[in-house]
Structure formats: C-alpha cells, structure tokens
$ cat protein_15.txt   # compact mmCIF, C-alpha atoms
# COMPACT_ATOMS: atom_id res chain seq x y z
CA MET A 1 9.25 -17.14 18.19
CA GLU A 2 7.76 -18.22 21.51
CA THR A 3 9.54 -15.32 23.18
CA LEU A 4 7.94 -12.87 20.77
CA LEU A 5 4.54 -14.44 21.33
CA SER A 6 4.94 -14.08 25.08
CA LEU A 7 5.88 -10.44 24.57
CA TYR A 8 2.71 -9.82 22.59
CA ASP A 9 0.49 -11.46 25.20
CA PRO A 10 1.50 -14.22 27.63
CA ALA A 11 -2.10 -15.40 28.20
CA PRO A 12 -4.10 -15.29 24.96
CA SER A 13 -7.68 -16.47 24.60
CA PRO A 14 -8.02 -20.30 24.52
CA LEU A 15 -9.90 -19.74 21.26
CA LEU A 16 -6.63 -18.89 19.53
CA GLY A 17 -4.92 -22.05 20.67
CA LYS A 18 -7.77 -24.21 19.43
CA LEU A 19 -7.80 -22.46 16.04
CA LEU A 20 -4.02 -22.84 15.75
CA ASP A 21 -4.50 -26.61 15.97
CA THR A 22 -6.83 -26.78 12.94
CA PRO A 23 -5.56 -27.99 9.53
CA PRO A 24 -5.62 -24.55 7.79
CA LEU A 25 -3.41 -23.06 10.50
CA ARG A 26 -1.16 -26.12 10.75
CA ARG A 27 -0.53 -25.83 6.99
CA LEU A 28 0.79 -22.30 7.47
CA ALA A 29 3.62 -23.69 9.62
CA GLU A 30 5.14 -24.83 6.30
CA VAL A 31 4.60 -21.59 4.40
CA GLY A 32 7.39 -19.09 5.00
CA MET A 33 7.24 -15.36 5.59
CA ASN A 34 10.06 -14.66 3.15
CA CYS A 35 8.22 -15.80 0.02
CA GLY A 36 10.79 -18.38 -1.05
CA CYS A 37 13.79 -16.04 -0.75
CA GLU A 38 14.98 -18.03 2.25
CA TYR A 39 15.69 -21.01 -0.03
CA THR A 40 18.34 -19.06 -1.98
CA ALA A 41 21.98 -18.56 -1.03
CA PHE A 42 21.71 -14.76 -0.93
CA PRO A 43 23.52 -14.02 2.36
CA LEU A 44 20.74 -11.95 3.97
CA PHE A 45 18.12 -14.64 3.42
CA ALA A 46 20.36 -17.68 3.90
CA ARG A 47 21.03 -16.62 7.50
CA THR A 48 17.45 -15.64 8.31
CA LEU A 49 15.90 -17.51 11.22
CA PRO A 50 12.84 -19.68 10.41
CA TYR A 51 9.68 -17.58 10.38
CA SER A 52 6.40 -19.04 9.14
CA ARG A 53 3.00 -17.61 8.25
CA ARG A 54 1.65 -19.51 11.25
CA ASP A 55 4.14 -17.72 13.50
CA HIS A 56 3.10 -14.37 12.05
CA SER A 57 -0.62 -15.12 12.30
CA ALA A 58 -0.32 -16.24 15.91
CA GLY A 59 1.61 -13.09 16.73
CA ALA A 60 -0.86 -10.75 15.03
CA ALA A 61 -3.72 -12.46 16.87
CA ARG A 62 -2.03 -12.06 20.26
CA ILE A 63 -1.41 -8.38 19.57
CA VAL A 64 -5.08 -7.85 18.72
CA TRP A 65 -6.17 -9.81 21.79
CA HIS A 66 -3.82 -7.79 24.00
CA PHE A 67 -5.23 -4.45 22.84
CA THR A 68 -8.91 -5.37 22.32
CA ALA A 69 -9.75 -8.52 24.35
CA SER A 70 -12.15 -9.27 21.47
CA PRO A 71 -12.40 -12.94 20.44
CA ALA A 72 -13.81 -12.03 17.01
CA GLN A 73 -11.09 -9.51 16.23
CA ALA A 74 -8.28 -11.75 17.48
CA ALA A 75 -9.63 -14.75 15.53
CA ALA A 76 -9.92 -12.63 12.37
CA ALA A 77 -6.26 -11.63 12.79
CA LEU A 78 -5.27 -15.26 13.32
CA LEU A 79 -7.12 -16.39 10.19
CA HIS A 80 -6.16 -13.54 7.88
CA ASP A 81 -3.46 -15.59 6.07
CA VAL A 82 -5.26 -18.95 5.77
CA ALA A 83 -5.57 -18.53 1.99
CA THR A 84 -1.88 -17.76 1.56
CA PRO A 85 -0.31 -20.13 -0.99
CA VAL A 86 3.16 -21.63 -0.85
CA PHE A 87 5.91 -19.02 -1.23
CA ALA A 88 3.25 -16.43 -0.31
CA HIS A 89 3.62 -13.20 -2.32
CA THR A 90 5.69 -14.93 -5.01
CA VAL A 91 2.32 -16.19 -6.22
CA ASP A 92 1.28 -12.54 -6.58
CA PHE A 93 4.19 -12.26 -9.03
CA LEU A 94 2.83 -15.36 -10.75
CA HIS A 95 -0.59 -13.69 -11.06
CA GLY A 96 0.78 -10.29 -12.11
CA ASP A 97 -0.44 -8.70 -8.85
CA HIS A 98 2.88 -8.06 -7.13
CA LEU A 99 2.39 -4.28 -6.87
CA ARG A 100 -0.85 -4.66 -4.89
CA GLN A 101 -0.23 -8.12 -3.39
CA GLU A 102 -3.92 -8.78 -2.84
CA SER A 103 -4.56 -11.81 -5.06
CA THR A 104 -3.69 -14.26 -2.29
CA GLU A 105 -6.38 -12.81 0.04
CA ALA A 106 -9.35 -13.54 -2.22
CA ASP A 107 -10.16 -16.99 -0.87
CA THR A 108 -9.94 -16.35 2.88
CA ALA A 109 -13.69 -16.67 3.52
CA ALA A 110 -13.90 -19.82 1.38
CA VAL A 111 -11.03 -21.53 3.22
CA ILE A 112 -12.59 -20.73 6.59
CA SER A 113 -16.06 -21.93 5.58
CA ALA A 114 -14.67 -25.11 4.01
CA SER A 115 -12.93 -26.23 7.20
CA PRO A 116 -15.22 -28.18 9.56
CA GLU A 117 -12.54 -27.93 12.25
CA VAL A 118 -12.36 -24.14 12.09
CA THR A 119 -16.15 -23.87 11.91
CA ALA A 120 -16.56 -26.11 14.96
CA VAL A 121 -14.15 -24.01 17.04
CA LEU A 122 -15.84 -20.78 16.00
CA THR A 123 -19.27 -22.16 16.86
CA ARG A 124 -18.05 -23.26 20.29
CA TYR A 125 -17.11 -19.64 21.00
CA GLY A 126 -20.29 -18.13 19.57
CA LEU A 127 -18.72 -16.95 16.31
CA ASP A 128 -19.28 -17.72 12.66
CA ALA A 129 -17.29 -17.27 9.44
CA ALA A 130 -18.75 -13.82 8.79
CA ASP A 131 -17.26 -12.57 12.08
CA VAL A 132 -13.71 -13.55 11.20
CA SER A 133 -13.36 -13.72 7.40
CA ASP A 134 -12.41 -10.09 6.82
CA TYR A 135 -9.87 -8.65 9.24
CA HIS A 136 -9.93 -5.35 7.34
CA ARG A 137 -13.11 -4.47 9.20
CA TYR A 138 -11.21 -4.32 12.50
CA PRO A 139 -8.84 -1.30 12.50
CA ILE A 140 -6.55 -2.61 15.24
CA ALA A 141 -6.00 -5.77 13.18
CA ASP A 142 -5.63 -3.98 9.84
CA ASN A 143 -5.98 -0.50 8.41
CA ASP A 144 -4.79 1.54 5.45
CA SER A 145 -1.05 1.87 4.93
CA PRO A 146 1.05 3.58 6.22
CA ARG A 147 -0.84 3.44 9.51
CA LEU A 148 0.21 0.99 12.20
CA SER A 149 -1.91 -2.15 12.60
CA ALA A 150 -1.33 -5.44 14.39
CA ASP A 151 -0.52 -7.12 11.09
CA ARG A 152 2.14 -4.55 10.13
CA LEU A 153 3.45 -4.38 13.68
CA GLU A 154 3.94 -8.13 13.93
CA TYR A 155 5.75 -8.65 10.64
CA THR A 156 7.93 -5.61 11.34
CA LEU A 157 8.93 -6.80 14.82
CA GLY A 158 9.18 -10.38 13.55
CA ASN A 159 11.44 -9.49 10.65
CA LEU A 160 13.58 -7.14 12.74
CA PHE A 161 14.22 -10.14 14.98
CA HIS A 162 14.59 -12.83 12.33
CA TYR A 163 16.87 -10.73 10.09
CA GLY A 164 19.02 -9.98 13.14
CA PHE A 165 18.35 -6.23 12.98
CA ALA A 166 17.06 -5.86 16.56
CA ASP A 167 17.27 -7.82 19.78
CA LEU A 168 14.42 -8.61 22.14
CA THR A 169 15.25 -5.71 24.44
CA ARG A 170 14.71 -3.20 21.66
CA LEU A 171 11.59 -4.98 20.40
CA SER A 172 10.16 -5.01 23.91
CA ALA A 173 10.77 -1.25 24.22
CA PHE A 174 8.76 -0.71 21.04
CA TYR A 175 5.90 -2.94 22.10
CA ARG A 176 5.55 -1.78 25.69
CA ASP A 177 5.29 1.84 24.58
CA LEU A 178 2.17 1.17 22.51
CA THR A 179 -1.37 2.15 23.34
CA VAL A 180 -4.60 2.69 21.39
CA SER A 181 -5.40 6.19 20.21
CA ALA A 182 -7.66 7.78 17.60
CA GLY A 183 -6.35 8.45 14.11
CA GLU A 184 -7.29 11.41 11.95
CA ASP A 185 -10.62 9.82 11.07
CA GLY A 186 -11.43 8.92 14.68
CA GLN A 187 -10.76 5.21 14.15
CA PRO A 188 -8.77 3.38 16.86
CA GLU A 189 -5.15 2.83 15.97
CA LEU A 190 -2.03 1.53 17.64
CA ALA A 191 0.09 4.52 18.68
CA PHE A 192 3.26 5.21 20.64
CA ARG A 193 3.25 7.12 23.91
CA THR A 194 6.83 8.34 23.47
CA PRO A 195 7.79 10.35 20.36
CA GLU A 196 11.42 9.18 20.37
CA ILE A 197 10.33 5.55 20.38
CA ALA A 198 7.81 6.23 17.60
CA GLN A 199 10.60 7.71 15.47
CA ASP A 200 12.96 4.80 16.21
CA PHE A 201 10.25 2.31 15.24
CA ALA A 202 9.41 4.17 12.01
CA LEU A 203 13.09 4.12 11.01
CA ALA A 204 13.39 0.43 11.92
CA ALA A 205 10.32 -0.35 9.79
CA LEU A 206 12.04 1.40 6.87
CA GLN A 207 15.04 -0.87 7.42
CA THR A 208 12.84 -3.93 6.90
CA GLY A 209 11.03 -2.16 4.06
CA ARG A 210 14.32 -1.90 2.19
CA VAL A 211 14.75 -5.67 2.48
CA TYR A 212 11.29 -6.27 0.98
CA VAL A 213 12.30 -4.35 -2.18
CA CYS A 214 16.03 -5.09 -2.39
CA ASP A 215 17.47 -6.48 -5.62
CA GLU A 216 17.87 -9.95 -4.13
CA ASP A 217 14.24 -10.09 -3.00
CA ARG A 218 12.75 -8.81 -6.25
CA PHE A 219 14.91 -11.05 -8.40
CA ALA A 220 14.31 -14.16 -6.29
CA MET A 221 10.53 -13.74 -6.32
CA GLU A 222 10.43 -13.16 -10.07
CA ALA A 223 12.75 -16.11 -10.70
CA LEU A 224 10.70 -18.42 -8.48
CA ALA A 225 7.47 -17.24 -10.11
CA ALA A 226 8.93 -18.12 -13.52
CA LEU A 227 9.91 -21.57 -12.22
CA LEU A 228 6.41 -22.17 -10.85
CA ARG A 229 4.79 -20.85 -14.04
CA ASP A 230 6.74 -23.36 -16.12
CA ALA A 231 5.95 -26.21 -13.69
CA LEU A 232 2.23 -25.39 -13.85
CA LYS A 233 2.31 -25.17 -17.65
CA ARG A 234 3.94 -28.60 -17.90
CA GLN A 235 1.58 -29.99 -15.22
CA VAL A 236 4.40 -30.83 -12.84
CA LEU A 237 2.30 -28.81 -10.40
CA THR A 238 -1.42 -28.11 -10.27
CA PRO A 239 -3.02 -24.93 -8.89
CA ALA A 240 -4.21 -27.03 -5.95
CA ASP A 241 -0.59 -27.84 -5.07
CA LEU A 242 0.02 -24.16 -4.40
CA MET A 243 -2.45 -24.38 -1.52
CA GLY A 244 -0.44 -27.16 0.07
CA THR A 245 2.91 -26.90 1.83
CA GLU A 246 6.31 -25.79 0.61
CA PRO A 247 8.04 -29.12 1.33
CA ALA A 248 5.40 -30.96 -0.75
CA VAL A 249 5.76 -28.56 -3.69
CA ILE A 250 9.54 -28.65 -3.52
CA ALA A 251 9.47 -32.45 -3.59
CA LYS A 252 7.40 -32.38 -6.80
CA LEU A 253 9.76 -29.87 -8.38
CA GLN A 254 12.81 -31.94 -7.44
CA ALA A 255 11.28 -35.10 -8.92
CA ASP A 256 10.95 -33.51 -12.37
CA THR A 257 13.81 -33.62 -14.89
CA VAL A 258 13.36 -29.95 -15.83
CA SER A 259 12.06 -28.34 -12.66
CA GLY A 260 14.54 -30.22 -10.46
CA PRO A 261 17.67 -28.63 -11.97
CA ALA A 262 15.86 -25.27 -12.16
CA TRP A 263 15.13 -25.49 -8.42
CA ASP A 264 18.76 -26.36 -7.71
CA ARG A 265 19.88 -23.28 -9.69
CA PHE A 266 17.42 -21.14 -7.75
CA ARG A 267 18.87 -22.46 -4.49
CA ARG A 268 22.39 -21.47 -5.60
CA PHE A 269 21.65 -17.82 -6.39
CA HIS A 270 24.10 -15.91 -4.23
CA THR A 271 24.83 -12.53 -5.82
CA ILE A 272 23.00 -10.08 -8.06
CA ARG A 273 24.45 -8.54 -11.21
CA THR A 274 22.74 -5.42 -12.58
CA ALA A 275 22.57 -3.64 -15.91
CA ALA A 276 21.12 -0.32 -17.08
CA GLY A 277 19.55 0.54 -20.40
CA GLU A 278 18.48 -2.22 -22.77
CA ARG A 279 17.97 -5.77 -21.56
CA PRO A 280 21.29 -7.65 -21.78
CA GLU A 281 21.63 -10.57 -24.15
CA GLY A 282 21.78 -14.08 -22.76
CA GLY A 283 20.76 -15.45 -19.40
CA PHE A 284 17.75 -14.75 -17.21
CA TRP A 285 17.34 -10.98 -16.78
CA VAL A 286 14.34 -9.28 -15.17
CA ARG A 287 13.35 -5.71 -14.41
CA VAL A 288 10.98 -5.72 -11.45
CA ASN A 289 9.04 -2.87 -9.89
CA ALA A 290 8.13 -3.26 -6.21
CA LYS A 291 5.47 -2.48 -3.65
CA ARG A 292 7.07 -0.15 -1.13
CA ARG A 293 6.02 -0.80 2.48
CA TRP A 294 6.58 1.73 5.26
CA ILE A 295 4.86 2.73 8.49
CA ASP A 296 4.19 6.29 9.64
CA PRO A 297 2.93 5.70 13.18
CA LEU A 298 1.16 8.06 15.53
CA ALA A 299 2.80 9.47 18.63
CA VAL A 300 0.16 10.47 21.15
CA GLY A 301 -0.12 14.25 21.31
CA ARG A 302 2.30 14.77 18.41
CA GLY A 303 0.66 13.17 15.37
CA ARG A 304 2.35 11.07 12.70
CA VAL A 305 6.11 10.83 12.82
CA SER A 306 6.44 12.31 9.33
CA ALA A 307 4.74 15.50 10.56
CA TRP A 308 7.41 16.38 13.13
CA SER A 309 10.53 14.30 12.47
CA PRO A 310 12.90 15.62 9.77
CA VAL A 311 15.09 12.55 10.32
CA PHE A 312 12.24 10.22 9.36
CA ARG A 313 11.09 12.46 6.49
CA GLU A 314 14.57 12.38 4.97
CA ALA A 315 14.81 8.60 5.33
CA LEU A 316 11.35 8.12 3.88
CA THR A 317 12.09 10.41 0.92
CA SER A 318 15.20 8.37 0.16
CA PHE A 319 13.23 5.12 0.42
CA LEU A 320 10.45 6.32 -1.88
CA ALA A 321 13.05 7.44 -4.44
CA LEU A 322 14.59 3.98 -4.83
CA ASP A 323 15.21 3.16 -8.49
CA PHE A 324 13.85 -0.14 -9.74
CA THR A 325 14.65 0.37 -13.45
CA ARG A 326 17.84 -1.70 -13.51
CA TRP A 327 17.93 -5.16 -15.04
CA LEU A 328 18.71 -7.93 -12.56
CA SER A 329 20.27 -11.35 -12.97
CA GLY A 330 21.43 -13.91 -10.45
CA ILE A 331 24.91 -15.32 -10.01
CA GLU A 332 25.04 -18.82 -8.60
CA ALA A 333 27.33 -19.89 -5.78
CA GLU A 334 29.56 -22.84 -6.68
CA GLU A 335 28.01 -24.68 -3.79
CA ARG A 336 25.18 -23.59 -1.53
CA PRO A 337 26.51 -23.12 2.00
CA GLY A 338 25.01 -25.35 4.66
$ encode --input "protein_15.txt" --output "structure tokens"
Amino acid sequence: METLLSLYDPAPSPLLGKLLDTPPLRRLAEVGMNCGCEYTAFPLFARTLPYSRRDHSAGAARIVWHFTASPAQAAAALLHDVATPVFAHTVDFLHGDHLRQESTEADTAAVISASPEVTAVLTRYGLDAADVSDYHRYPIADNDSPRLSADRLEYTLGNLFHYGFADLTRLSAFYRDLTVSAGEDGQPELAFRTPEIAQDFALAALQTGRVYVCDEDRFAMEALAALLRDALKRQVLTPADLMGTEPAVIAKLQADTVSGPAWDRFRRFHTIRTAAGERPEGGFWVRVNAKRRWIDPLAVGRGRVSAWSPVFREALTSFLALDFTRWLSGIEAEERPG
C-alpha cells in the first residue's frame, strides 16, 4: 500500500500524517475494505491482499492533496470513513440500506467532533469540524456517480491492485494521465488527458464493479449481516461493538456457543450454489439485489467515455443488465485453506 500512497503523492501535507495517528483513524486499520468477504474461503476474496479503510482513506486524501493542495479538502477526504463500522457495508445490509449504502455515513460529523485528538490537530492547522465533516462539498473528493472522484479513483486503483487485476505500471499510467477539468455543470472533476487511457480505466473500473456485485460478495454480506443480527439480538454484541475493530468483534463471536460455530461456517464458505424460481427448501438461501458501481470518466476534449466509446457502452450495458433474481446459498469447504 505504501507504493500506491507514494504514487498518489510522495509528499503529503503533515496535517494528514498527524490525523492518521489519531484514534478514529487508527481504528480504521482494523476495518477492511472488502466488508467481511475476505474472511470467507471464496477463492477471489481468500487471496486478496490486506486492504483497510485506513489505507483507502489515506490514499483518497493524498489524491485530493495532489490535485488541490487544500488542507481542508484533503482532511475531509481522509476523515470521510471515520464512522464506518466493522465489516463496513455489511452493516448497510444489516440496516436494510444496502442499495444506497449511506447509513454508515450518518455519524461522520459526530465522530470527528467527539475526538479531542482530531479536534486538536484540526485546530493546530486552522480548521474545525465543519470544514472537514462533509467531503461531498468538495467535488474533487466526492461527486455524483458515475463521475470520477478521489474516493472512487482510490478504491478502484486499490482494488485493481489488491485483487491482482492490475500491476503498478498500469495503475501508474492511469494516475499520471489525470488532470482537473470542468464537468458538464462547470464543477471541477478528475479527467483523463488521453482518450485511450480513459477508456481502459472505465473498463477496468467495470471489472472491479463486477466483483462488488458478484454472487459470492452478495451472499457473503447477507450471510454475515444475518450472523451479526442474531448476535445483536442475543446481546452477544452491542451496537457500540460495531464501532470497534473487526478482531474485537470476531473474538466476541468466537466466544459464544452459537455465534462461534456460525462464524466458523461463514469462514468456510467456498462456493456458491444458485437456484431459480421459488426459494429452495432447507438451508440458508438468499436473493440479494445489489448497488451497481461504475465510473464514466471524462476525457479532456472528448467528453465522457460512454459518449464516444462503443466498447465501453457495450460493456456497461452488459453490466447494468446483470440478473440478481437467483437464489444463492453457500457451500462450505471441508477445511479453510491457510
């Protein structure tokens, strides 16, 4: 991850380093980007390199700093995930918000204001919580999908690397081609100078987008949400535990006579079986819709890739037509590898 961070900006503002050393950001080092899927034995996720919310936040902040040199905007990008619970968007499944995935953002301002360490660092640099609590106000940090923002750029490059889909040479080619241009509404936006690179990036982002909605991902998040829901109902966990770290929550699950075996079964899920029509009898079967994520970036002088690339339009049409009506169930490996 350090290599990616150096790619984004080798000399970030000292403000970012000091914020990274505060308790809310240190906690995110033990909250993963793959929403609990990385604890299963599904081959794609079992081989994924470690990638935490802290890694992602640091990367997004460096990208913003590189393109804006604004302490407020970079700090807002760094702090945008401080209210993310353990297993991240799995808790959106728990709350019934998995199609919008916004429920975990609600407490960002409260977490920032409640941390004396974060507040002290902000004050030292002439900032306050209002400057950094809502990264949506800064279009380089975040904007409306499917535009390209620092947040979307970082998790796309990060996942391309951590899933093994792209090497650093390719990621560097993407990043070094970027500049800031005006979108259709005149707002600043990250854009590619070279149309061919813009198209390649848009297709690569679709490759990661397919992972985010694949059967294994949707099933794992729904299965883990059900496990957490039961643990909360039986008071094995409290809502406050979800704002802790994944190792601490896992330890509580493992110590329980019901949740412990359920967690072990979750860890052994290796293969998905599917069924059409009526819900099959017996076992744990779920039918899960999904939030589709894609990026339609600007190429300077050409407009959005979808406007001029038939290759991307065809790939995007196929992606948007994915069928999520099948029933899903997990098959356990006899023994989790590793």
$ residues_around --input "protein_15.txt" --residues "Glu332 of chain A" --least-positions-apart "3" --cutoff "10 Å" --atoms "all atoms listed in the file" --output "list in words"
Thr40, Ala41, Phe42, Asp264, Arg265, Phe266, Arg267, Arg268, Phe269, His270, Thr271, Ile272, Ser329, Glu335 and Arg336 of chain A
$ residues_around --input "protein_15.txt" --residues "Leu203 of chain A" --least-positions-apart "6" --cutoff "10 Å" --atoms "only C-alpha atoms" --output "number ranges by chain"
A: 197, 209, 294-296, 305, 311-313, 315-316
$ closest_atom_pairs --input "protein_15.txt" --of "segment 168-213 of chain A" --to "segment 5-28 of chain A" --cutoff "10 Å" --atoms "all atoms listed in the file" --output "Markdown table"
| residue | atom | partner | partner_atom | distance |
| --- | --- | --- | --- | --- |
| A:Leu168 | CA | A:Leu7 | CA | 9.1 |
| A:Leu171 | CA | A:Leu7 | CA | 8.9 |
| A:Ser172 | CA | A:Leu7 | CA | 6.9 |
| A:Tyr175 | CA | A:Tyr8 | CA | 7.6 |
| A:Arg176 | CA | A:Leu7 | CA | 8.7 |
$ closest_residue --input "protein_15.txt" --among "A:Tyr125, A:Phe93, A:Tyr155, A:Tyr212" --to "Ala61 of chain A" --atoms "only C-alpha atoms"
A:Tyr155
$ residues_around --input "protein_15.txt" --residues "Asp177 of chain A" --least-positions-apart "5" --cutoff "9 Å" --atoms "all atoms listed in the file" --output "list of chain:residue names"
A:Ser172, A:Ala191, A:Phe192, A:Arg193, A:Thr194, A:Ile197, A:Ala198
$ atom_distance --input "protein_15.txt" --atom1 "atom CA of Val64 of chain A" --atom2 "atom CA of Ser113 of chain A"
22.2 Å
$ closest_residue --input "protein_15.txt" --among "A:Glu38, A:Glu222, A:Glu278, A:Asp241" --to "Gly96 of chain A" --atoms "all atoms listed in the file"
A:Glu222
$ residues_near_point --input "protein_15.txt" --point "(12.4, 6.4, -3.9)" --cutoff "12 Å" --atoms "all atoms listed in the file" --output "PyMOL selection string"
chain A and resi 206+209-210+213+289-294+314-325
$ write_last_selection --input "protein_15.txt" --atoms "C-alpha atoms" --output "short mmCIF file (atom, residue, chain, number, x, y, z; two decimals), in the coordinates of the input"
data_model
loop_
_atom_site.label_atom_id
_atom_site.label_comp_id
_atom_site.auth_asym_id
_atom_site.auth_seq_id
_atom_site.Cartn_x
_atom_site.Cartn_y
_atom_site.Cartn_z
CA LEU A 206 12.04 1.40 6.87
CA GLY A 209 11.03 -2.16 4.06
CA ARG A 210 14.32 -1.90 2.19
CA VAL A 213 12.30 -4.35 -2.18
CA ASN A 289 9.04 -2.87 -9.89
CA ALA A 290 8.13 -3.26 -6.21
CA LYS A 291 5.47 -2.48 -3.65
CA ARG A 292 7.07 -0.15 -1.13
CA ARG A 293 6.02 -0.80 2.48
CA TRP A 294 6.58 1.73 5.26
CA GLU A 314 14.57 12.38 4.97
CA ALA A 315 14.81 8.60 5.33
CA LEU A 316 11.35 8.12 3.88
CA THR A 317 12.09 10.41 0.92
CA SER A 318 15.20 8.37 0.16
CA PHE A 319 13.23 5.12 0.42
CA LEU A 320 10.45 6.32 -1.88
CA ALA A 321 13.05 7.44 -4.44
CA LEU A 322 14.59 3.98 -4.83
CA ASP A 323 15.21 3.16 -8.49
CA PHE A 324 13.85 -0.14 -9.74
CA THR A 325 14.65 0.37 -13.45
#
$ closest_residue --input "protein_15.txt" --among "A:His136, A:His95, A:Arg170, A:Arg47" --to "Leu228 of chain A" --atoms "only C-alpha atoms"
A:His95
$ residues_around --input "protein_15.txt" --residues "Thr238 of chain A" --least-positions-apart "4" --cutoff "12 Å" --atoms "all atoms listed in the file" --output "list in words"
Leu228, Arg229, Asp230, Ala231, Leu232, Lys233, Arg234, Leu242, Met243, Gly244, Val249, Lys252 and Leu253 of chain A
$ build_atoms --input "protein_15.txt" --residues "segment 308-325 of chain A" --atoms "N, CA and C atoms" --output "compact mmCIF listing (two decimals), in the coordinates of the input"
# COMPACT_ATOMS: atom_id res chain seq x y z
N TRP A 308 6.54 15.63 12.22
CA TRP A 308 7.41 16.38 13.13
C TRP A 308 8.86 15.90 13.16
N SER A 309 9.16 14.82 12.44
CA SER A 309 10.53 14.30 12.47
C SER A 309 11.24 14.50 11.13
N PRO A 310 12.15 15.46 11.01
CA PRO A 310 12.90 15.62 9.77
C PRO A 310 13.79 14.42 9.47
N VAL A 311 14.25 13.74 10.52
CA VAL A 311 15.09 12.55 10.32
C VAL A 311 14.29 11.48 9.58
N PHE A 312 13.05 11.23 10.03
CA PHE A 312 12.24 10.22 9.36
C PHE A 312 11.83 10.69 7.96
N ARG A 313 11.49 11.96 7.81
CA ARG A 313 11.09 12.46 6.49
C ARG A 313 12.22 12.28 5.47
N GLU A 314 13.43 12.55 5.88
CA GLU A 314 14.57 12.38 4.97
C GLU A 314 14.75 10.91 4.60
N ALA A 315 14.65 10.03 5.60
CA ALA A 315 14.81 8.60 5.33
C ALA A 315 13.69 8.08 4.44
N LEU A 316 12.48 8.56 4.68
CA LEU A 316 11.35 8.12 3.88
C LEU A 316 11.48 8.62 2.44
N THR A 317 11.90 9.86 2.27
CA THR A 317 12.09 10.41 0.92
C THR A 317 13.10 9.58 0.15
N SER A 318 14.19 9.21 0.81
CA SER A 318 15.20 8.37 0.16
C SER A 318 14.63 7.01 -0.21
N PHE A 319 13.84 6.43 0.68
CA PHE A 319 13.23 5.12 0.42
C PHE A 319 12.27 5.19 -0.77
N LEU A 320 11.43 6.21 -0.81
CA LEU A 320 10.45 6.32 -1.88
C LEU A 320 11.10 6.63 -3.23
N ALA A 321 12.35 7.11 -3.20
CA ALA A 321 13.05 7.44 -4.44
C ALA A 321 13.88 6.27 -4.98
N LEU A 322 13.82 5.12 -4.35
CA LEU A 322 14.59 3.98 -4.83
C LEU A 322 14.28 3.69 -6.29
N ASP A 323 15.32 3.38 -7.04
CA ASP A 323 15.21 3.16 -8.49
C ASP A 323 15.12 1.67 -8.78
N PHE A 324 14.03 1.27 -9.42
CA PHE A 324 13.85 -0.14 -9.74
C PHE A 324 13.92 -0.38 -11.26
N THR A 325 14.61 0.49 -11.98
CA THR A 325 14.65 0.37 -13.45
C THR A 325 15.80 -0.49 -13.95
